[in-house]
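Data from entry.cif: mmCIF, C-alpha atoms
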data_upload
loop_
_atom_site.label_atom_id
_atom_site.label_comp_id
_atom_site.auth_asym_id
_atom_site.auth_seq_id
_atom_site.Cartn_x
_atom_site.Cartn_y
_atom_site.Cartn_z
CA MET A 1 132.58 128.90 183.86
CA GLN A 2 135.41 131.31 184.69
CA VAL A 3 139.17 130.87 184.93
CA ILE A 4 141.22 133.53 186.73
CA ILE A 5 144.74 134.21 185.40
CA GLU A 6 146.72 136.20 187.97
CA ASP A 7 149.73 136.97 185.72
CA LEU A 8 148.70 139.46 183.03
CA SER A 9 151.65 138.59 180.79
CA GLU A 10 150.55 134.96 180.95
CA LEU A 11 146.98 136.02 180.15
CA ARG A 12 148.21 137.84 177.04
CA ALA A 13 150.16 134.76 175.96
CA LEU A 14 147.10 132.54 176.43
CA CYS A 15 144.86 134.91 174.48
CA GLY A 16 147.31 135.31 171.59
CA PRO A 17 147.63 138.23 169.16
CA HIS A 18 144.22 139.95 168.88
CA ASP A 19 142.73 137.09 170.96
CA SER A 20 143.44 134.71 168.07
CA TYR A 21 144.14 131.74 170.38
CA LEU A 22 140.88 132.28 172.26
CA LYS A 23 139.02 132.35 168.95
CA LEU A 24 140.74 129.13 167.90
CA MET A 25 139.84 127.40 171.18
CA SER A 26 136.29 128.74 170.89
CA ASN A 27 135.93 127.15 167.42
CA MET A 28 137.37 123.87 168.66
CA LEU A 29 135.10 123.70 171.69
CA GLY A 30 132.01 124.95 169.91
CA THR A 31 131.27 127.63 172.48
CA ARG A 32 132.14 131.27 173.19
CA ILE A 33 135.15 132.43 175.24
CA LEU A 34 135.27 136.00 176.59
CA THR A 35 137.77 138.00 178.63
CA ARG A 36 136.91 140.29 181.52
CA GLY A 37 139.88 141.80 183.33
CA ASN A 38 142.04 138.85 184.31
CA GLU A 39 139.22 136.33 183.81
CA LEU A 40 138.46 133.94 180.97
CA LEU A 41 134.75 133.24 180.69
CA LEU A 42 133.30 130.18 178.97
CA GLN A 43 129.67 130.80 178.04
CA ASP A 44 126.84 128.25 177.78
CA ALA A 45 129.23 125.32 177.97
CA SER A 46 128.47 121.70 178.75
CA ASP A 47 130.39 119.76 181.40
CA SER A 48 132.50 118.15 178.66
CA GLN A 49 133.35 121.52 177.10
CA GLN A 50 134.25 122.97 180.49
CA GLN A 51 136.52 120.03 181.27
CA ARG A 52 138.35 120.24 177.94
CA PHE A 53 138.75 124.01 178.27
CA SER A 54 140.12 123.67 181.81
CA GLN A 55 142.61 121.02 180.67
CA MET A 56 143.78 123.17 177.75
CA ILE A 57 144.37 126.20 179.98
CA VAL A 58 146.30 124.16 182.56
CA TYR A 59 148.61 122.68 179.90
CA LEU A 60 149.08 126.03 178.14
CA GLN A 61 150.04 127.62 181.46
CA LYS A 62 152.59 124.86 182.09
CA LEU A 63 154.12 125.30 178.65
CA HIS A 64 154.27 129.08 178.99
CA ARG A 65 155.98 128.80 182.39
CA GLN A 66 158.51 126.42 180.86
CA GLY A 67 159.42 129.14 178.38
CA ARG A 68 157.62 127.70 175.35
CA GLN A 69 156.35 130.16 172.75
CA LEU A 70 152.64 129.45 172.41
CA ASP A 71 151.19 129.22 168.91
CA ARG A 72 148.20 127.81 167.08
CA TRP A 73 150.00 124.51 166.50
CA ILE A 74 150.32 123.88 170.25
CA ILE A 75 146.62 124.58 170.74
CA GLN A 76 145.64 122.27 167.88
CA THR A 77 147.94 119.54 169.24
CA LEU A 78 146.45 119.92 172.72
CA GLN A 79 142.96 119.60 171.32
CA ASP A 80 143.89 116.35 169.55
CA LEU A 81 145.73 114.95 172.58
CA ILE A 82 142.98 115.77 175.08
CA SER A 83 140.49 114.03 172.80
CA SER A 84 142.51 110.82 172.51
CA LYS A 85 145.19 110.52 175.23
CA ASP A 86 145.45 110.37 179.02
CA ASP A 87 147.44 112.87 181.09
CA ALA A 88 150.66 110.83 181.09
CA ASP A 89 150.65 110.53 177.32
CA ILE A 90 149.85 114.22 176.85
CA SER A 91 152.90 115.27 178.88
CA SER A 92 155.23 112.96 176.93
CA TYR A 93 153.89 114.24 173.60
CA LEU A 94 154.24 117.89 174.62
CA ASN A 95 157.74 117.54 176.07
CA ILE A 96 159.44 115.76 173.18
CA ASN A 97 161.86 117.97 171.24
CA VAL A 98 165.14 118.11 169.33
CA PRO A 99 167.65 120.36 171.15
CA VAL A 100 170.06 121.34 168.37
CA PRO A 101 173.40 122.33 169.97
CA SER A 102 174.11 126.07 169.61
CA GLY A 103 170.83 126.34 167.72
CA PRO A 104 167.07 126.31 168.22
CA VAL A 105 165.09 123.74 170.16
CA ILE A 106 162.79 122.09 167.63
CA TYR A 107 159.34 121.11 168.86
CA PRO A 108 156.82 119.05 166.88
CA LYS A 109 153.82 120.98 165.59
CA ASN A 110 151.23 118.21 165.74
CA VAL A 111 150.59 114.75 167.16
CA ARG A 112 151.92 112.95 164.07
CA GLN A 113 155.22 114.85 164.25
CA SER A 114 155.51 113.93 167.94
CA GLU A 115 155.05 110.26 167.11
CA TYR A 116 157.61 110.58 164.29
CA LEU A 117 160.21 112.01 166.69
CA MET A 118 159.42 109.33 169.28
CA GLN A 119 160.12 106.68 166.67
CA MET A 120 163.43 108.34 165.78
CA ASN A 121 164.41 108.20 169.47
CA LYS A 122 163.71 104.45 169.68
CA MET A 123 164.25 102.89 166.25
CA ASP A 124 167.15 102.61 163.82
CA ILE A 125 164.97 102.70 160.68
CA VAL A 126 162.04 105.12 160.45
CA PHE A 127 159.83 105.91 157.46
CA GLY A 128 158.05 109.26 157.17
CA ILE A 129 155.42 108.90 154.46
CA GLY A 130 152.97 111.60 153.44
CA PRO A 131 152.32 114.77 151.45
CA ALA A 132 154.53 117.82 151.08
CA GLY A 133 154.58 120.34 153.91
CA THR A 134 154.18 117.91 156.80
CA GLY A 135 157.71 118.37 158.21
CA LYS A 136 159.00 114.87 157.41
CA THR A 137 162.32 116.00 155.97
CA PHE A 138 162.90 118.95 158.31
CA LEU A 139 162.52 116.83 161.45
CA ALA A 140 164.85 114.19 160.02
CA ILE A 141 167.47 116.87 159.34
CA ALA A 142 166.97 118.32 162.83
CA LYS A 143 167.56 114.93 164.44
CA ALA A 144 170.61 114.33 162.23
CA THR A 145 172.03 117.76 163.10
CA GLU A 146 171.62 117.09 166.81
CA GLN A 147 173.44 113.75 166.57
CA ILE A 148 176.26 115.06 164.38
CA LEU A 149 176.92 118.13 166.56
CA ASN A 150 176.81 115.96 169.70
CA HIS A 151 179.27 113.50 168.06
CA GLU A 152 176.77 110.63 168.42
CA LYS A 153 177.23 109.83 164.74
CA HIS A 154 180.42 110.49 162.81
CA LYS A 155 178.82 111.17 159.41
CA LEU A 156 175.59 112.46 157.88
CA ILE A 157 174.80 110.99 154.47
CA LEU A 158 172.17 112.67 152.31
CA THR A 159 170.90 110.71 149.35
CA ARG A 160 168.00 110.50 146.96
CA PRO A 161 167.22 108.90 143.61
CA VAL A 162 168.13 111.25 140.78
CA VAL A 163 164.80 111.32 138.97
CA GLU A 164 163.66 114.49 137.23
CA ALA A 165 160.10 115.61 137.99
CA GLY A 166 158.72 115.88 134.46
CA GLU A 167 161.65 117.89 133.13
CA ASN A 168 164.85 117.07 131.28
CA LEU A 169 167.59 119.18 132.82
CA GLY A 170 170.29 117.89 130.50
CA PHE A 171 173.98 118.00 131.36
CA LEU A 172 174.88 119.56 134.73
CA PRO A 173 178.39 120.98 135.20
CA GLY A 174 180.71 120.34 138.15
CA ASP A 175 181.83 117.37 140.23
CA LEU A 176 179.50 114.70 141.63
CA SER A 177 178.52 116.74 144.69
CA GLN A 178 177.74 119.80 142.55
CA LYS A 179 175.70 117.73 140.10
CA ILE A 180 173.43 116.23 142.74
CA SER A 181 173.21 119.29 145.03
CA PRO A 182 170.24 120.82 143.12
CA TYR A 183 168.26 117.64 143.76
CA LEU A 184 169.02 117.87 147.50
CA ARG A 185 168.24 121.58 147.87
CA PRO A 186 165.34 120.96 150.30
CA LEU A 187 167.72 119.13 152.64
CA TYR A 188 170.23 121.97 152.50
CA ASP A 189 167.47 124.51 153.18
CA ALA A 190 166.70 122.64 156.41
CA LEU A 191 170.39 122.34 157.33
CA GLU A 192 170.92 126.07 156.87
CA MET A 193 168.08 126.79 159.31
CA LEU A 194 169.83 124.74 161.99
CA MET A 195 173.54 125.50 161.66
CA PRO A 196 175.71 128.23 160.14
CA LEU A 197 176.63 127.93 156.47
CA SER A 198 180.32 128.01 157.43
CA THR A 199 179.82 124.90 159.60
CA ILE A 200 178.04 123.09 156.77
CA ARG A 201 180.90 123.90 154.36
CA LYS A 202 183.47 122.73 156.92
CA PHE A 203 181.61 119.46 157.46
CA GLU A 204 181.41 118.91 153.68
CA GLU A 205 185.15 119.48 153.31
CA ASN A 206 185.92 117.11 156.21
CA GLY A 207 183.54 114.43 154.95
CA VAL A 208 181.21 114.73 157.95
CA ILE A 209 178.39 115.62 155.54
CA GLU A 210 178.36 113.49 152.41
CA VAL A 211 176.06 113.92 149.42
CA ALA A 212 175.59 110.81 147.30
CA PRO A 213 173.21 109.68 144.55
CA LEU A 214 171.32 106.57 145.56
CA ALA A 215 172.97 104.61 142.75
CA TYR A 216 176.36 105.13 144.43
CA MET A 217 175.26 103.43 147.67
CA ARG A 218 175.57 99.90 146.30
CA GLY A 219 178.26 97.80 147.99
CA ARG A 220 178.78 100.17 150.92
CA ASN A 221 178.65 99.30 154.63
CA LEU A 222 177.57 102.44 156.49
CA THR A 223 178.75 102.28 160.12
CA ASN A 224 177.92 104.88 162.79
CA CYS A 225 176.22 107.13 160.23
CA PHE A 226 172.95 109.04 160.11
CA ILE A 227 171.51 108.41 156.65
CA ILE A 228 168.57 110.26 155.13
CA LEU A 229 166.93 108.99 151.95
CA ASP A 230 164.68 111.76 150.61
CA GLU A 231 162.08 111.53 147.82
CA ALA A 232 162.03 107.79 148.40
CA GLN A 233 158.84 107.37 146.35
CA ASN A 234 161.15 107.52 143.30
CA THR A 235 163.18 104.49 144.31
CA THR A 236 162.49 101.22 142.54
CA ARG A 237 161.82 98.14 144.63
CA GLU A 238 165.36 96.91 143.96
CA GLN A 239 166.88 100.25 144.96
CA MET A 240 164.93 100.33 148.23
CA LYS A 241 166.14 96.86 149.17
CA MET A 242 169.71 97.81 148.23
CA PHE A 243 169.55 100.99 150.32
CA LEU A 244 168.10 99.43 153.47
CA THR A 245 170.70 96.67 153.48
CA ARG A 246 173.57 99.21 153.54
CA MET A 247 173.06 99.95 157.24
CA GLY A 248 175.96 98.97 159.47
CA SER A 249 176.27 98.93 163.26
CA GLY A 250 175.54 102.17 165.08
CA SER A 251 173.75 103.73 162.11
CA GLN A 252 170.27 105.17 161.78
CA MET A 253 168.21 105.56 158.60
CA ILE A 254 165.33 107.95 158.01
CA VAL A 255 163.38 107.45 154.77
CA THR A 256 160.97 110.16 153.61
CA GLY A 257 158.65 110.36 150.63
CA ASP A 258 155.20 111.01 149.22
CA VAL A 259 153.62 108.05 147.40
CA THR A 260 151.23 110.40 145.56
CA GLN A 261 154.12 112.11 143.72
CA VAL A 262 155.97 109.26 142.01
CA ASP A 263 158.05 110.37 138.99
CA LEU A 264 159.07 106.89 137.87
CA PRO A 265 157.97 105.74 134.38
CA ARG A 266 155.95 102.99 136.12
CA PRO A 267 154.66 104.43 139.42
CA SER A 268 153.41 101.06 140.61
CA HIS A 269 157.05 99.92 140.88
CA SER A 270 157.85 102.47 143.59
CA GLY A 271 159.94 100.92 146.35
CA LEU A 272 158.29 103.14 148.95
CA LYS A 273 154.83 101.88 148.00
CA GLN A 274 155.95 98.30 148.45
CA VAL A 275 157.96 98.72 151.65
CA ALA A 276 155.03 100.00 153.73
CA SER A 277 153.22 96.68 153.36
CA LEU A 278 156.38 94.54 153.31
CA LEU A 279 158.07 95.72 156.52
CA ASN A 280 155.33 97.22 158.69
CA ASN A 281 155.13 94.06 160.82
CA ILE A 282 158.75 94.38 161.96
CA PRO A 283 158.47 96.09 165.38
CA GLU A 284 161.98 97.58 165.23
CA ILE A 285 161.08 99.60 162.12
CA GLY A 286 158.91 102.68 162.54
CA PHE A 287 156.32 104.03 160.11
CA SER A 288 154.74 107.47 160.43
CA PHE A 289 151.96 108.13 157.93
CA PHE A 290 151.14 111.82 157.47
CA THR A 291 147.98 113.18 155.85
CA SER A 292 146.88 116.55 154.49
CA ARG A 293 145.65 117.37 158.00
CA ASP A 294 149.29 117.36 159.17
CA VAL A 295 150.42 120.04 156.69
CA ILE A 296 152.13 122.90 158.52
CA ARG A 297 152.91 125.22 155.61
CA HIS A 298 150.41 127.68 154.17
CA PRO A 299 146.84 126.54 154.98
CA LEU A 300 146.02 126.52 151.25
CA ILE A 301 148.35 123.54 150.76
CA GLN A 302 146.04 121.28 152.73
CA LYS A 303 143.13 122.29 150.49
CA ILE A 304 145.22 121.77 147.33
CA ILE A 305 146.27 118.28 148.44
CA ASP A 306 142.68 117.36 149.30
CA ALA A 307 141.47 118.62 145.90
CA TYR A 308 144.04 116.50 144.02
CA GLU A 309 143.22 113.43 146.10
CA GLU A 310 139.52 113.85 145.42
CA ALA A 311 140.17 114.27 141.69
CA GLU A 312 142.28 111.08 141.61
CA LYS A 313 139.44 109.12 143.24
#
Can I see the file as structure tokens?
Amino acid sequence: MQVIIEDLSELRALCGPHDSYLKLMSNMLGTRILTRGNELLLQDASDSQQQRFSQMIVYLQKLHRQGRQLDRWIIQTLQDLISSKDDADISSYLNINVPVPSGPVIYPKNVRQSEYLMQMNKMDIVFGIGPAGTGKTFLAIAKATEQILNHEKHKLILTRPVVEAGENLGFLPGDLSQKISPYLRPLYDALEMLMPLSTIRKFEENGVIEVAPLAYMRGRNLTNCFIILDEAQNTTREQMKMFLTRMGSGSQMIVTGDVTQVDLPRPSHSGLKQVASLLNNIPEIGFSFFTSRDVIRHPLIQKIIDAYEEAEK
């Protein structure tokens, strides 16, 4: 089978640096892909392999012509979508994004991230549950940034339970915000990738961005806010119920956590562990469950997570 690519710049984009994208597609398809001039050649391929390859090239060409930067994540996502979705679904998964005003357009890097963003677009409460490195927190911050900068929500509230991960940090100096800021550093890292530091500081001074320990949420009615609860595996069952019932009209809550990294004295009492079985039958609440396969950091992280899970079994 051969595919002719007339535009040489498009051919280079499809092949990737040092033909790395062709090698990735070759491994996925289980056959060999060669280049000859402006042709892509698929060798000794079955009808099924030829069809999948043709679909992948067509979608990659569409994305490139739309101005998307092709990468290995797009190719992996396409492979998963072509294996499990029809054409209409594939287009909707590929086109979903978070256009941060005056900043980057954030695209999901795998099918699970696409589903997570789709839930954020439709539901007022969304849980992102899974291991580190899967993009749960970053995508929540991206969606919050978009809504705050577009004035769709008047306040972003960042909260988490203040539980130390096996260390006793002792007394921390400063006011409340300064005391809890070290615990919320991952959220600030994501914010700083999406908006200038000066804007973040201005929003903090004006109360548009509020940092609050989970314990300080009791009794509040949060109206027209975007609220992110991070490290939710360290909430107790009572704290989780208290937090979820703070939501007022016009607000949206995103809850993220990893149930394999509970730092509570009694891990079985984790509110995040309970809530997945307690609320998953409510159609207006979304649950996205990530696995080690969805890790988008260094490829070693996936292997580390798998090794720990196997040891725990």
Best match for closeness to Phe287 of chain A among A:Gly130, A:Gly30, A:Gly250, A:Pro182, counting all atoms listed in the file: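 With all atoms listed in the file as the atom set, the closest residue is A:Gly130.
Distances from A:Leu300, A:Leu229, A:Ala142, A:Ala276 to Ala190 of chain A were compared using all atoms listed in the file, and the smallest one belongs to A:Ala142.
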Result set, the PyMOL selection byres ((chain A and resi 112-120) around 7) on current file, as a list in words: Tyr93, Ile96, Pro108, Lys109, Asn110, Val111, Asn121, Lys122, Met123, Val126, Gly286, Ser288 and Phe290 of chain A
Distance of atom CA of Cys15 of chain A from atom CA of Asp71 of chain A, expressed in Å to one decimal place: 10.2 Å
Nearest candidate to His18 of chain A (options A:Asn221, A:Gln43, A:Gln239, A:Thr35; using all atoms listed in the file):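 Among the listed residues, A:Thr35 lies closest to His18 of chain A.
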Near-Thr134 of chain A list (6 Å; all atoms listed in the file; drop same-chain fewer than 3 positions) as a list in words: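 Close residues of Thr134 of chain A: Asp294, Val295 and Ile296 of chain A.
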Distance in Å - atom CA of Lys313 of chain A versus atom CA of Thr137 of chain A: 27.1 Å
Separation of atom CA of Ala13 of chain A from atom CA of His298 of chain A in Å: 22.9 Å
Which residue of A:Pro99, A:Pro131, A:Pro196, A:Pro186 approaches Asn150 of chain A most closely, using only C-alpha atoms: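 Closest to Asn150 of chain A of all the choices is A:Pro99.
For Lys155 of chain A, the residues within 7 Å (counting all atoms listed in the file, excluding itself and residues fewer than 4 positions away along the chain) are Ile148, Val208, Ile209, Cys225 and Phe226 of chain A.
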Counting all atoms listed in the file, I want the residues whose atoms come within 10 Å of (157.6, 105.7, 150.9) in the file frame, returned as an mmCIF file with C-alpha atoms, keeping the file's coordinate frame.
data_model
loop_
_atom_site.group_PDB
_atom_site.id
_atom_site.type_symbol
_atom_site.label_atom_id
_atom_site.label_comp_id
_atom_site.auth_asym_id
_atom_site.auth_seq_id
_atom_site.Cartn_x
_atom_site.Cartn_y
_atom_site.Cartn_z
ATOM 1 C CA PHE A 127 159.830 105.910 157.460
ATOM 2 C CA GLY A 128 158.050 109.260 157.170
ATOM 3 C CA ILE A 129 155.420 108.900 154.460
ATOM 4 C CA GLY A 130 152.970 111.600 153.440
ATOM 5 C CA LEU A 229 166.930 108.990 151.950
ATOM 6 C CA ASP A 230 164.680 111.760 150.610
ATOM 7 C CA GLU A 231 162.080 111.530 147.820
ATOM 8 C CA ALA A 232 162.030 107.790 148.400
ATOM 9 C CA GLN A 233 158.840 107.370 146.350
ATOM 10 C CA ASN A 234 161.150 107.520 143.300
ATOM 11 C CA THR A 235 163.180 104.490 144.310
ATOM 12 C CA MET A 240 164.930 100.330 148.230
ATOM 13 C CA VAL A 255 163.380 107.450 154.770
ATOM 14 C CA THR A 256 160.970 110.160 153.610
ATOM 15 C CA GLY A 257 158.650 110.360 150.630
ATOM 16 C CA ASP A 258 155.200 111.010 149.220
ATOM 17 C CA VAL A 259 153.620 108.050 147.400
ATOM 18 C CA THR A 260 151.230 110.400 145.560
ATOM 19 C CA VAL A 262 155.970 109.260 142.010
ATOM 20 C CA SER A 270 157.850 102.470 143.590
ATOM 21 C CA GLY A 271 159.940 100.920 146.350
ATOM 22 C CA LEU A 272 158.290 103.140 148.950
ATOM 23 C CA LYS A 273 154.830 101.880 148.000
ATOM 24 C CA GLN A 274 155.950 98.300 148.450
ATOM 25 C CA VAL A 275 157.960 98.720 151.650
ATOM 26 C CA ALA A 276 155.030 100.000 153.730
ATOM 27 C CA PHE A 287 156.320 104.030 160.110
ATOM 28 C CA PHE A 289 151.960 108.130 157.930
#
Reference answer for the PyMOL selection byres ((chain A and resi 253) around 6), as number ranges by chain: A: 125, 227-228, 252, 254
Could segment 95-117 of chain A be completed with N, CA and C atoms and returned as a compact mmCIF listing (two decimals), in the coordinates of the input?
# COMPACT_ATOMS: atom_id res chain seq x y z
N ASN A 95 156.36 117.27 175.64
CA ASN A 95 157.74 117.54 176.07
C ASN A 95 158.80 117.05 175.11
N ILE A 96 158.43 116.25 174.11
CA ILE A 96 159.44 115.76 173.18
C ILE A 96 159.95 116.90 172.30
N ASN A 97 161.27 116.91 172.05
CA ASN A 97 161.86 117.97 171.24
C ASN A 97 163.21 117.52 170.72
N VAL A 98 163.79 118.35 169.85
CA VAL A 98 165.14 118.11 169.33
C VAL A 98 165.99 119.33 169.71
N PRO A 99 166.82 119.22 170.75
CA PRO A 99 167.65 120.36 171.15
C PRO A 99 168.92 120.43 170.30
N VAL A 100 168.90 121.22 169.26
CA VAL A 100 170.06 121.34 168.37
C VAL A 100 171.14 122.14 169.09
N PRO A 101 172.34 121.59 169.28
CA PRO A 101 173.40 122.33 169.97
C PRO A 101 173.71 123.67 169.29
N SER A 102 173.82 124.70 170.10
CA SER A 102 174.11 126.07 169.61
C SER A 102 173.08 126.53 168.58
N GLY A 103 171.88 125.97 168.67
CA GLY A 103 170.83 126.34 167.72
C GLY A 103 169.48 126.30 168.40
N PRO A 104 168.42 126.29 167.63
CA PRO A 104 167.07 126.31 168.22
C PRO A 104 166.67 124.95 168.78
N VAL A 105 165.74 124.97 169.71
CA VAL A 105 165.09 123.74 170.16
C VAL A 105 163.89 123.52 169.25
N ILE A 106 163.86 122.38 168.59
CA ILE A 106 162.79 122.09 167.63
C ILE A 106 161.70 121.27 168.31
N TYR A 107 160.49 121.81 168.29
CA TYR A 107 159.34 121.11 168.86
C TYR A 107 158.41 120.65 167.73
N PRO A 108 157.80 119.48 167.88
CA PRO A 108 156.82 119.05 166.88
C PRO A 108 155.61 119.97 166.88
N LYS A 109 154.96 120.08 165.73
CA LYS A 109 153.82 120.98 165.59
C LYS A 109 152.48 120.26 165.56
N ASN A 110 152.49 118.94 165.65
CA ASN A 110 151.23 118.21 165.74
C ASN A 110 151.52 116.82 166.30
N VAL A 111 150.45 116.07 166.53
CA VAL A 111 150.59 114.75 167.16
C VAL A 111 151.42 113.82 166.28
N ARG A 112 151.19 113.85 164.97
CA ARG A 112 151.92 112.95 164.07
C ARG A 112 153.42 113.24 164.11
N GLN A 113 153.80 114.51 164.15
CA GLN A 113 155.22 114.85 164.25
C GLN A 113 155.80 114.36 165.57
N SER A 114 155.04 114.44 166.65
CA SER A 114 155.51 113.93 167.94
C SER A 114 155.79 112.44 167.86
N GLU A 115 154.87 111.70 167.25
CA GLU A 115 155.05 110.26 167.11
C GLU A 115 156.27 109.94 166.23
N TYR A 116 156.46 110.74 165.20
CA TYR A 116 157.61 110.58 164.29
C TYR A 116 158.92 110.75 165.06
N LEU A 117 159.01 111.79 165.90
CA LEU A 117 160.21 112.01 166.69
C LEU A 117 160.41 110.90 167.73
